[in-house]
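Pasted below: target17.txt, compact mmCIF, C-alpha atoms.
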```
# COMPACT_ATOMS: atom_id res chain seq x y z
CA MET Q 1 -4.18 -5.65 -6.23
CA LYS Q 2 -7.75 -4.52 -6.78
CA HIS Q 3 -9.46 -1.67 -5.01
CA ARG Q 4 -11.06 -1.90 -1.58
CA PHE Q 5 -14.28 -0.28 -0.53
CA LEU Q 6 -14.16 0.82 3.11
CA THR Q 7 -17.80 0.52 4.12
CA LEU Q 8 -17.21 1.39 7.77
CA ILE Q 9 -15.67 4.70 6.85
CA GLY Q 10 -18.62 5.53 4.63
CA MET Q 11 -20.93 4.81 7.55
CA LEU Q 12 -18.77 7.04 9.74
CA ALA Q 13 -19.00 9.92 7.27
CA MET Q 14 -22.79 9.49 7.04
CA ALA Q 15 -23.09 9.45 10.84
CA ILE Q 16 -21.10 12.64 11.08
CA ALA Q 17 -23.31 14.23 8.43
CA VAL Q 18 -26.43 13.43 10.45
CA ALA Q 19 -24.89 14.66 13.70
CA GLN Q 20 -23.70 17.98 12.29
CA SER Q 21 -25.90 20.79 11.00
CA PRO Q 22 -25.03 21.84 7.42
CA ALA Q 23 -22.76 24.85 7.22
CA ALA Q 24 -24.04 27.80 5.22
CA ALA Q 25 -22.55 28.18 1.77
CA GLN Q 26 -20.15 31.07 1.50
CA ALA Q 27 -21.61 34.17 -0.07
CA PRO Q 28 -19.76 35.41 -3.15
CA SER Q 29 -17.31 38.22 -2.45
CA THR Q 30 -18.12 41.71 -3.74
CA VAL Q 31 -14.60 43.06 -3.16
CA VAL Q 32 -12.81 44.20 -6.33
CA SER Q 33 -9.14 43.14 -6.26
CA LYS Q 34 -6.11 43.36 -8.51
CA LYS Q 35 -7.17 40.02 -9.96
CA ALA Q 36 -10.40 41.50 -11.37
CA ALA Q 37 -9.20 40.89 -14.91
CA SER Q 38 -9.30 37.13 -14.33
CA GLY Q 39 -12.33 37.24 -12.05
CA THR Q 40 -14.82 36.30 -14.75
CA ALA Q 41 -12.89 33.17 -15.67
CA SER Q 42 -12.46 32.24 -12.00
CA LYS Q 43 -16.18 32.63 -11.33
CA ALA Q 44 -17.00 30.56 -14.39
CA ALA Q 45 -14.66 27.81 -13.23
CA ALA Q 46 -16.12 27.94 -9.72
CA ALA Q 47 -19.63 27.71 -11.13
CA LYS Q 48 -18.70 24.51 -12.96
CA SER Q 49 -16.94 23.03 -9.94
CA PRO Q 50 -19.19 20.43 -8.28
CA ARG Q 51 -20.52 21.31 -4.85
CA THR Q 52 -21.80 19.26 -1.94
CA PRO Q 53 -25.39 19.83 -0.75
CA TRP Q 54 -24.01 22.11 1.98
CA GLY Q 55 -22.05 24.24 -0.49
CA GLU Q 56 -18.44 23.08 -0.22
CA PRO Q 57 -16.31 22.00 -3.21
CA ASP Q 58 -16.98 18.30 -3.81
CA ILE Q 59 -13.73 16.31 -3.87
CA GLN Q 60 -15.30 12.94 -3.08
CA GLY Q 61 -14.55 9.77 -4.96
CA VAL Q 62 -11.79 7.22 -5.44
CA TRP Q 63 -8.58 8.79 -6.72
CA ASN Q 64 -5.28 7.31 -7.90
CA ASP Q 65 -1.91 9.09 -7.58
CA ALA Q 66 0.33 6.61 -9.46
CA THR Q 67 2.95 8.08 -11.82
CA SER Q 68 6.44 7.33 -13.04
CA THR Q 69 7.54 10.95 -12.66
CA PRO Q 70 10.13 10.80 -9.87
CA LEU Q 71 9.90 12.79 -6.66
CA GLN Q 72 13.33 14.36 -7.31
CA ARG Q 73 14.65 15.57 -10.65
CA PRO Q 74 17.18 13.12 -12.14
CA ALA Q 75 20.50 14.40 -13.47
CA SER Q 76 19.74 12.88 -16.88
CA VAL Q 77 17.37 15.73 -17.82
CA GLY Q 78 20.05 18.39 -17.46
CA GLY Q 79 18.25 20.52 -14.93
CA LYS Q 80 15.12 21.09 -17.04
CA ASP Q 81 11.90 21.37 -15.05
CA VAL Q 82 9.57 20.93 -18.05
CA LEU Q 83 10.38 19.01 -21.24
CA ASN Q 84 9.28 19.57 -24.81
CA ASP Q 85 7.17 16.94 -26.56
CA GLU Q 86 10.08 14.93 -27.95
CA GLU Q 87 12.07 15.05 -24.71
CA ALA Q 88 9.00 14.11 -22.67
CA GLU Q 89 8.31 11.06 -24.82
CA GLU Q 90 11.88 9.83 -24.45
CA PHE Q 91 11.85 10.56 -20.70
CA SER Q 92 8.60 8.64 -20.26
CA LYS Q 93 9.94 5.62 -22.11
CA GLU Q 94 13.09 5.64 -19.98
CA LEU Q 95 11.08 5.80 -16.77
CA GLU Q 96 8.77 3.00 -17.89
CA HIS Q 97 11.73 0.79 -18.82
CA ASN Q 98 13.41 1.37 -15.46
CA LEU Q 99 10.25 0.67 -13.46
CA THR Q 100 8.83 -2.39 -15.22
CA ARG Q 101 8.96 -5.60 -13.19
CA ASP Q 102 8.78 -7.85 -16.27
CA ARG Q 103 12.44 -7.31 -17.16
CA ARG Q 104 14.87 -10.14 -16.52
CA ASP Q 105 18.15 -8.42 -17.24
CA GLY Q 106 20.80 -7.38 -14.77
CA PRO Q 107 22.32 -9.11 -11.72
CA ALA Q 108 20.52 -11.82 -9.79
CA SER Q 109 19.80 -9.44 -6.91
CA VAL Q 110 17.83 -7.21 -9.28
CA ASP Q 111 15.87 -10.15 -10.67
CA VAL Q 112 14.92 -11.21 -7.15
CA ASN Q 113 13.62 -7.69 -6.52
CA ARG Q 114 11.39 -8.16 -9.57
CA ALA Q 115 9.96 -11.44 -8.32
CA TYR Q 116 6.59 -9.70 -8.09
CA ASN Q 117 6.11 -9.00 -11.80
CA GLU Q 118 3.84 -6.44 -13.47
CA HIS Q 119 0.74 -8.53 -12.78
CA TRP Q 120 0.92 -7.37 -9.15
CA MET Q 121 1.85 -3.76 -9.85
CA ASP Q 122 -0.24 -0.66 -10.50
CA ALA Q 123 0.03 -0.18 -14.27
CA ARG Q 124 -0.77 3.53 -13.88
CA ARG Q 125 2.61 4.06 -12.23
CA LEU Q 126 4.36 3.55 -15.60
CA HIS Q 127 3.06 6.84 -17.00
CA ALA Q 128 4.63 10.26 -16.45
CA THR Q 129 2.51 13.29 -15.57
CA GLU Q 130 0.85 14.97 -18.54
CA ASP Q 131 2.40 18.36 -17.75
CA ARG Q 132 5.83 16.91 -18.72
CA ARG Q 133 7.47 17.90 -15.44
CA THR Q 134 10.71 16.12 -14.61
CA SER Q 135 10.04 15.93 -10.86
CA LEU Q 136 7.09 15.97 -8.52
CA ILE Q 137 8.96 18.53 -6.41
CA VAL Q 138 8.11 22.02 -7.67
CA ASP Q 139 9.98 23.97 -4.99
CA PRO Q 140 12.97 24.37 -4.67
CA PRO Q 141 13.32 25.16 -8.38
CA ASP Q 142 16.02 22.49 -8.82
CA GLY Q 143 13.40 19.81 -8.11
CA ARG Q 144 15.45 18.28 -5.31
CA ILE Q 145 14.88 17.75 -1.59
CA PRO Q 146 16.88 20.45 0.24
CA ALA Q 147 20.10 19.71 2.10
CA LEU Q 148 19.89 18.12 5.53
CA VAL Q 149 20.67 19.89 8.77
CA PRO Q 150 23.42 17.99 10.66
CA LEU Q 151 22.06 15.89 13.51
CA THR Q 152 23.31 16.52 17.01
CA GLY Q 153 22.75 15.20 20.52
CA GLU Q 154 19.99 12.72 21.18
CA ARG Q 155 18.74 12.66 17.58
CA ALA Q 156 22.18 11.55 16.40
CA GLU Q 157 22.20 8.78 19.00
CA VAL Q 158 18.71 7.68 18.00
CA LYS Q 159 19.74 7.48 14.35
CA LYS Q 160 22.82 5.45 15.29
CA ALA Q 161 20.79 3.03 17.41
CA ARG Q 162 18.25 2.57 14.63
CA SER Q 163 21.05 1.92 12.15
CA TYR Q 164 22.37 -0.88 14.33
CA ALA Q 165 18.86 -2.31 14.75
CA ASN Q 166 18.41 -2.36 10.98
CA GLY Q 167 21.80 -4.05 10.61
CA ARG Q 168 20.74 -6.79 13.01
CA PHE Q 169 17.51 -7.32 11.10
CA LEU Q 170 19.27 -7.57 7.74
CA ALA Q 171 21.77 -10.02 9.24
CA GLY Q 172 18.90 -12.23 10.37
CA LEU Q 173 19.76 -11.62 14.04
CA PRO Q 174 17.15 -9.20 15.44
CA ASP Q 175 17.20 -8.78 19.21
CA SER Q 176 13.47 -8.16 19.53
CA VAL Q 177 10.42 -7.00 17.60
CA PHE Q 178 11.66 -3.42 18.01
CA ASP Q 179 14.41 -4.12 15.49
CA PHE Q 180 11.70 -4.45 12.83
CA SER Q 181 10.51 -1.39 10.95
CA LEU Q 182 6.94 -0.14 11.33
CA PRO Q 183 5.93 -1.30 7.81
CA VAL Q 184 7.29 -4.79 8.47
CA ARG Q 185 5.27 -4.89 11.68
CA CYS Q 186 2.14 -3.85 9.73
CA ILE Q 187 1.66 -0.76 11.89
CA ILE Q 188 1.89 1.97 9.27
CA ARG Q 189 3.04 2.15 5.67
CA THR Q 190 2.20 4.68 2.97
CA ASP Q 191 -1.02 5.77 4.69
CA SER Q 192 0.68 8.55 6.66
CA PRO Q 193 0.81 11.92 4.92
CA PRO Q 194 2.28 13.23 2.75
CA TYR Q 195 1.01 10.79 0.14
CA LEU Q 196 3.46 9.61 -2.53
CA PRO Q 197 3.06 7.14 -5.41
CA THR Q 198 4.31 3.60 -4.87
CA ILE Q 199 4.35 0.30 -6.74
CA TYR Q 200 0.74 -0.65 -5.95
CA ASN Q 201 -2.29 0.31 -3.86
CA ASN Q 202 -2.22 3.94 -4.94
CA ASP Q 203 -5.93 4.63 -4.46
CA PHE Q 204 -7.51 7.02 -1.96
CA GLN Q 205 -11.22 7.24 -1.20
CA ILE Q 206 -12.42 10.64 -0.02
CA TYR Q 207 -15.69 11.19 1.85
CA GLN Q 208 -17.17 14.52 2.95
CA SER Q 209 -19.81 15.62 5.41
CA PRO Q 210 -20.49 19.01 7.02
CA GLY Q 211 -17.43 19.79 9.13
CA PHE Q 212 -15.37 16.74 8.17
CA VAL Q 213 -13.35 15.18 5.35
CA VAL Q 214 -12.26 11.53 5.55
CA ILE Q 215 -9.38 10.11 3.48
CA ALA Q 216 -9.13 6.31 3.35
CA PRO Q 217 -5.93 5.12 1.60
CA GLU Q 218 -5.93 1.78 -0.16
CA MET Q 219 -2.63 0.84 1.48
CA ILE Q 220 -3.02 -0.77 4.90
CA HIS Q 221 -5.87 0.14 7.27
CA SER Q 222 -6.10 3.80 8.31
CA ALA Q 223 -8.89 6.34 7.92
CA ARG Q 224 -7.73 9.91 8.31
CA ILE Q 225 -10.53 12.03 9.75
CA ILE Q 226 -9.95 15.75 9.13
CA PRO Q 227 -12.20 18.25 10.95
CA THR Q 228 -12.96 21.38 8.90
CA ASP Q 229 -15.16 23.08 11.51
CA GLY Q 230 -12.48 25.40 12.95
CA ARG Q 231 -11.64 23.40 16.07
CA PRO Q 232 -8.08 23.83 17.43
CA HIS Q 233 -5.30 21.24 17.19
CA LEU Q 234 -4.86 18.67 19.94
CA PRO Q 235 -2.42 19.50 22.77
CA SER Q 236 1.16 19.32 21.53
CA ASP Q 237 2.00 16.39 23.81
CA LEU Q 238 -0.64 14.12 22.25
CA HIS Q 239 0.97 12.30 19.31
CA GLN Q 240 -0.67 10.06 16.71
CA TRP Q 241 0.42 7.77 13.89
CA LEU Q 242 -1.20 9.99 11.24
CA GLY Q 243 -0.57 13.21 13.10
CA ASP Q 244 -3.29 15.68 14.05
CA SER Q 245 -4.93 17.25 10.99
CA ARG Q 246 -7.10 20.35 10.74
CA GLY Q 247 -8.59 21.54 7.46
CA HIS Q 248 -10.20 24.67 6.08
CA TRP Q 249 -11.39 25.85 2.67
CA GLU Q 250 -9.63 28.55 0.71
CA GLY Q 251 -11.91 29.06 -2.25
CA ASP Q 252 -12.05 25.71 -4.08
CA THR Q 253 -9.01 24.32 -2.24
CA LEU Q 254 -9.04 22.20 0.90
CA VAL Q 255 -6.00 23.20 2.97
CA VAL Q 256 -4.92 20.71 5.65
CA ASN Q 257 -2.31 21.43 8.32
CA THR Q 258 -0.91 18.42 10.19
CA THR Q 259 1.32 18.27 13.29
CA ASN Q 260 1.63 16.06 16.40
CA PHE Q 261 3.09 12.99 14.70
CA ARG Q 262 4.52 10.19 16.78
CA THR Q 263 8.30 10.11 16.90
CA ASP Q 264 8.73 6.45 15.94
CA GLU Q 265 11.02 5.74 13.02
CA GLY Q 266 9.23 5.80 9.69
CA VAL Q 267 6.20 7.83 10.77
CA VAL Q 268 7.30 11.18 9.37
CA PHE Q 269 8.96 11.63 5.98
CA GLY Q 270 12.71 11.10 6.01
CA ASN Q 271 12.68 10.38 9.75
CA ALA Q 272 12.38 14.10 10.37
CA ASN Q 273 12.10 15.56 13.86
CA ALA Q 274 8.46 14.99 14.79
CA ALA Q 275 8.65 17.75 17.41
CA THR Q 276 9.23 20.40 14.72
CA TYR Q 277 7.79 18.65 11.66
CA LYS Q 278 4.63 19.84 9.97
CA ILE Q 279 3.04 19.48 6.56
CA THR Q 280 0.51 21.58 4.68
CA GLU Q 281 -1.55 19.81 2.02
CA ARG Q 282 -3.77 21.35 -0.67
CA PHE Q 283 -6.51 19.43 -2.48
CA THR Q 284 -8.02 21.21 -5.51
CA ARG Q 285 -10.58 19.81 -7.95
CA VAL Q 286 -9.16 20.62 -11.40
CA ASP Q 287 -11.88 18.96 -13.46
CA ALA Q 288 -14.28 16.04 -13.30
CA ASN Q 289 -11.47 13.47 -13.35
CA THR Q 290 -8.49 15.28 -11.83
CA LEU Q 291 -7.60 16.39 -8.32
CA SER Q 292 -4.42 18.39 -7.71
CA TYR Q 293 -2.63 17.24 -4.56
CA GLU Q 294 0.13 19.52 -3.30
CA PHE Q 295 2.05 19.29 -0.06
CA THR Q 296 4.71 21.38 1.66
CA VAL Q 297 7.04 19.75 4.18
CA GLU Q 298 8.65 21.92 6.82
CA ASP Q 299 11.11 21.01 9.56
CA PRO Q 300 13.95 23.47 10.26
CA THR Q 301 15.83 20.87 12.30
CA THR Q 302 15.93 18.37 9.39
CA TRP Q 303 16.05 20.38 6.12
CA VAL Q 304 17.60 23.78 5.49
CA ARG Q 305 14.33 25.01 3.95
CA PRO Q 306 10.75 23.86 3.31
CA TRP Q 307 9.98 22.00 0.08
CA THR Q 308 6.86 21.40 -1.99
CA ALA Q 309 5.65 18.65 -4.33
CA ARG Q 310 2.59 18.47 -6.58
CA ILE Q 311 0.97 15.22 -7.74
CA PRO Q 312 -2.09 14.82 -9.99
CA TRP Q 313 -4.74 12.43 -8.68
CA THR Q 314 -6.91 10.77 -11.33
CA LYS Q 315 -10.44 9.58 -10.65
CA ILE Q 316 -10.83 5.88 -11.28
CA ASP Q 317 -13.77 4.04 -12.80
CA PRO Q 318 -16.68 4.47 -10.34
CA GLY Q 319 -17.58 0.87 -11.06
CA GLU Q 320 -14.41 -0.29 -9.33
CA GLN Q 321 -14.19 -0.87 -5.60
CA MET Q 322 -11.52 -0.65 -2.95
CA TYR Q 323 -11.16 -3.82 -0.93
CA GLU Q 324 -9.73 -4.29 2.53
CA TYR Q 325 -5.94 -4.41 2.67
CA ALA Q 326 -5.01 -7.16 5.12
CA CYS Q 327 -1.40 -6.67 6.22
CA HIS Q 328 -0.60 -9.82 8.11
CA GLU Q 329 2.48 -11.61 6.80
CA ASP Q 330 5.02 -10.33 9.26
CA ASN Q 331 2.60 -10.22 12.16
CA TYR Q 332 2.72 -13.99 11.81
CA ASP Q 333 6.38 -14.15 10.81
CA LEU Q 334 7.75 -12.16 13.74
CA VAL Q 335 8.01 -15.38 15.73
CA HIS Q 336 9.80 -17.06 12.82
CA PHE Q 337 12.30 -14.21 12.45
CA LEU Q 338 13.06 -14.19 16.17
CA SER Q 339 13.27 -17.96 16.61
CA GLY Q 340 15.56 -18.13 13.56
CA ALA Q 341 17.78 -15.43 15.08
CA ARG Q 342 18.11 -17.36 18.34
CA GLN Q 343 19.00 -20.51 16.40
CA ARG Q 344 21.71 -18.66 14.45
CA GLU Q 345 23.13 -17.37 17.72
CA ARG Q 346 23.29 -20.93 19.08
CA GLU Q 347 25.23 -21.83 15.93
CA GLY Q 348 27.75 -19.10 16.72
CA LYS Q 349 26.70 -16.62 14.05
CA THR Q 350 27.08 -12.94 14.87
CA GLY Q 351 25.59 -9.76 13.51
CA PRO Q 352 26.94 -6.19 13.40
CA PRO Q 353 28.98 -4.78 16.31
CA PRO Q 354 27.13 -3.97 19.54
CA LYS Q 355 25.07 -0.79 19.42
CA PRO Q 356 27.02 2.26 20.67
CA ALA Q 357 24.43 3.30 23.24
CA ASP Q 358 21.50 1.91 25.16
CA ARG Q 359 18.49 1.31 22.98
CA ILE Q 360 16.45 4.48 22.55
CA PHE Q 361 12.73 4.09 21.93
CA ASP Q 362 10.36 6.94 21.21
CA ASN Q 363 6.72 7.13 22.21
```
Conversion result in structure tokens:
Amino acid sequence: MKHRFLTLIGMLAMAIAVAQSPAAAQAPSTVVSKKAASGTASKAAAAKSPRTPWGEPDIQGVWNDATSTPLQRPASVGGKDVLNDEEAEEFSKELEHNLTRDRRDGPASVDVNRAYNEHWMDARRLHATEDRRTSLIVDPPDGRIPALVPLTGERAEVKKARSYANGRFLAGLPDSVFDFSLPVRCIIRTDSPPYLPTIYNNDFQIYQSPGFVVIAPEMIHSARIIPTDGRPHLPSDLHQWLGDSRGHWEGDTLVVNTTNFRTDEGVVFGNANAATYKITERFTRVDANTLSYEFTVEDPTTWVRPWTARIPWTKIDPGEQMYEYACHEDNYDLVHFLSGARQREREGKTGPPPKPADRIFDN
């Protein structure tokens, strides 16, 4: 899985740059605050931080977010959020052992899951974060996703209907293409925010122009265009696969607020309620080769409280390229899945019990 270079998106960013007049660089503040003691260091860091020709922090480049550090803190670390050197080394080795696809131990079902060996994987994902954290989640303090809010009414019925659809698919007896998940149908995968590490295709190419930031993930085919010119969000009834993002700069940090996601299964994290779901992302250039990516997920109808994760992004060799990701297998195989299901039905095979309610599809 090598890296794709999305030429069209680069052309788009250049076109936007030509069309927009450069924004004036922010003048340095003369207000003395309680943080004056650290002001000198902050100004020195800001002075070293690369800037675009129009004065904004430069976060452009191809970045990789792969890591073995889990999203949630495992019980094996005894509740510790940061490990000492010896503990961190042992933890890293354990994570690497568990993740490697070159192992051939365990039950046959596990071996089948490792059919794609390490040759196809992102080797960077076998390394824990250098700060020795035991989870990517930094809030709540226990490093775990907060408890769920019980589902009621239509959302409970939707979840039940989706569960039955998934059961039909796994039984090889899907009713229609709508029983297939969005990733299987090559509609959307890990390119919808928030961004989390996966087994491969963990690169993101960032472009900037006055008033816009474009993020092109290596996985699948999206280009997320984020206006930073102060324009308002789209009307709340206009929903999109990647949501509606609006960004602004807070010092050296790009802050992006995203709402208006579609309500299809798999679009928002954890199948949250798209009507009340929003995320806030923060991109901060730490040094020449590191970008801090932090996101906060908030949905009071899904989780009892908001939660936040932080993931280091590492700049990859500028000599490498990102290549087009062509997701096509199941676009072709949909007809095979469905024709096979009809054949099984003719042979008298049955799937899970009938769904408890009429099929519910979201926009």
How many Å separate CA of Val304 (chain Q) from CA of Pro140 (chain Q)? 11.2 Å
Counting only C-alpha atoms, give me one row per residue of region 193-305 of chain Q with an atom at most 10 Å from an atom of region 148-165 of chain Q, showing the shortest contact pair and its distance in Å to one decimal, sorted by chain then residue number, as JSON lines.
```
{"residue": "Q:Glu265", "atom": "CA", "partner": "Q:Arg162", "partner_atom": "CA", "distance": 8.1}
{"residue": "Q:Asn271", "atom": "CA", "partner": "Q:Lys159", "partner_atom": "CA", "distance": 8.9}
{"residue": "Q:Ala272", "atom": "CA", "partner": "Q:Arg155", "partner_atom": "CA", "distance": 9.7}
{"residue": "Q:Asn273", "atom": "CA", "partner": "Q:Arg155", "partner_atom": "CA", "distance": 8.1}
{"residue": "Q:Asp299", "atom": "CA", "partner": "Q:Val149", "partner_atom": "CA", "distance": 9.7}
{"residue": "Q:Pro300", "atom": "CA", "partner": "Q:Val149", "partner_atom": "CA", "distance": 7.8}
{"residue": "Q:Thr301", "atom": "CA", "partner": "Q:Val149", "partner_atom": "CA", "distance": 6.1}
{"residue": "Q:Thr302", "atom": "CA", "partner": "Q:Val149", "partner_atom": "CA", "distance": 5.0}
{"residue": "Q:Trp303", "atom": "CA", "partner": "Q:Leu148", "partner_atom": "CA", "distance": 4.5}
{"residue": "Q:Val304", "atom": "CA", "partner": "Q:Val149", "partner_atom": "CA", "distance": 5.9}
{"residue": "Q:Arg305", "atom": "CA", "partner": "Q:Leu148", "partner_atom": "CA", "distance": 9.0}
```
What are the closest atom pairs, with distances in Å to one decimal, for each residue of region 44-159 of chain Q lying within 8 Å of region 279-297 of chain Q, using all atoms listed in the file, rows by chain and rising residue number, as a tab-separated table?
```
residue	atom	partner	partner_atom	distance
Q:Ser49	CA	Q:Asp287	CA	7.4
Q:Pro57	CA	Q:Arg285	CA	7.8
Q:Asp58	CA	Q:Arg285	CA	7.8
Q:Ile59	CA	Q:Arg285	CA	6.2
Q:Trp63	CA	Q:Leu291	CA	7.8
```
With distances taken over only C-alpha atoms, which of Q:Ile220, Q:Trp307, Q:Arg168, Q:Phe180 is nearest to Glu345 (chain Q)?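 Checking each of Q:Ile220, Q:Trp307, Q:Arg168, Q:Phe180 against Glu345 (chain Q), counting only C-alpha atoms, the winner is Q:Arg168.
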Atomic separation - CA of Pro197 (chain Q) relative to CA of Arg104 (chain Q), Å: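 Interatomic distance, CA of Arg104 (chain Q) to CA of Pro197 (chain Q): 23.7 Å.
The coordinates place CA of His119 (chain Q) at 18.0 Å from CA of Asp105 (chain Q).
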If the box runs along x, y and z of the file and leaves 5 Å on each side of region 276-291 of chain Q, what are its centre and edge lengths in Å, one decimal, as lines of an AutoDock Vina configuration file?
```
center_x = -2.5
center_y = 17.5
center_z = 0.6
size_x = 33.5
size_y = 18.1
size_z = 38.2
```
Tell me which of Q:Thr314, Q:Ala223, Q:Pro74, Q:Pro193 sits closest to Lys278 (chain Q), counting all atoms listed in the file.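 Closest candidate: Q:Pro193.
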Env of Leu136 (chain Q): 8 Å cut, atoms = all atoms listed in the file, seq-sep filter 6 positions within chain, self excluded. Answer as a PyMOL selection string. chain Q and resi 69-73+143+309-311
Selection from above, C-alpha atoms, as a PDB file, keeping the file's coordinate frame, can you write it?
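Just written: result-v2.pdb:
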```pdb
ATOM      1  CA  THR Q  69       7.540  10.950 -12.660  1.00  0.00           C
ATOM      2  CA  PRO Q  70      10.130  10.800  -9.870  1.00  0.00           C
ATOM      3  CA  LEU Q  71       9.900  12.790  -6.660  1.00  0.00           C
ATOM      4  CA  GLN Q  72      13.330  14.360  -7.310  1.00  0.00           C
ATOM      5  CA  ARG Q  73      14.650  15.570 -10.650  1.00  0.00           C
ATOM      6  CA  GLY Q 143      13.400  19.810  -8.110  1.00  0.00           C
ATOM      7  CA  ALA Q 309       5.650  18.650  -4.330  1.00  0.00           C
ATOM      8  CA  ARG Q 310       2.590  18.470  -6.580  1.00  0.00           C
ATOM      9  CA  ILE Q 311       0.970  15.220  -7.740  1.00  0.00           C
TER      10      ILE Q 311
END
```
Using only C-alpha atoms: which of Q:Thr100, Q:Asn84, Q:Asn113, Q:Ser176 has the shortest distance to Ser68 (chain Q):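 For Ser68 (chain Q), the nearest of the given residues is Q:Thr100.
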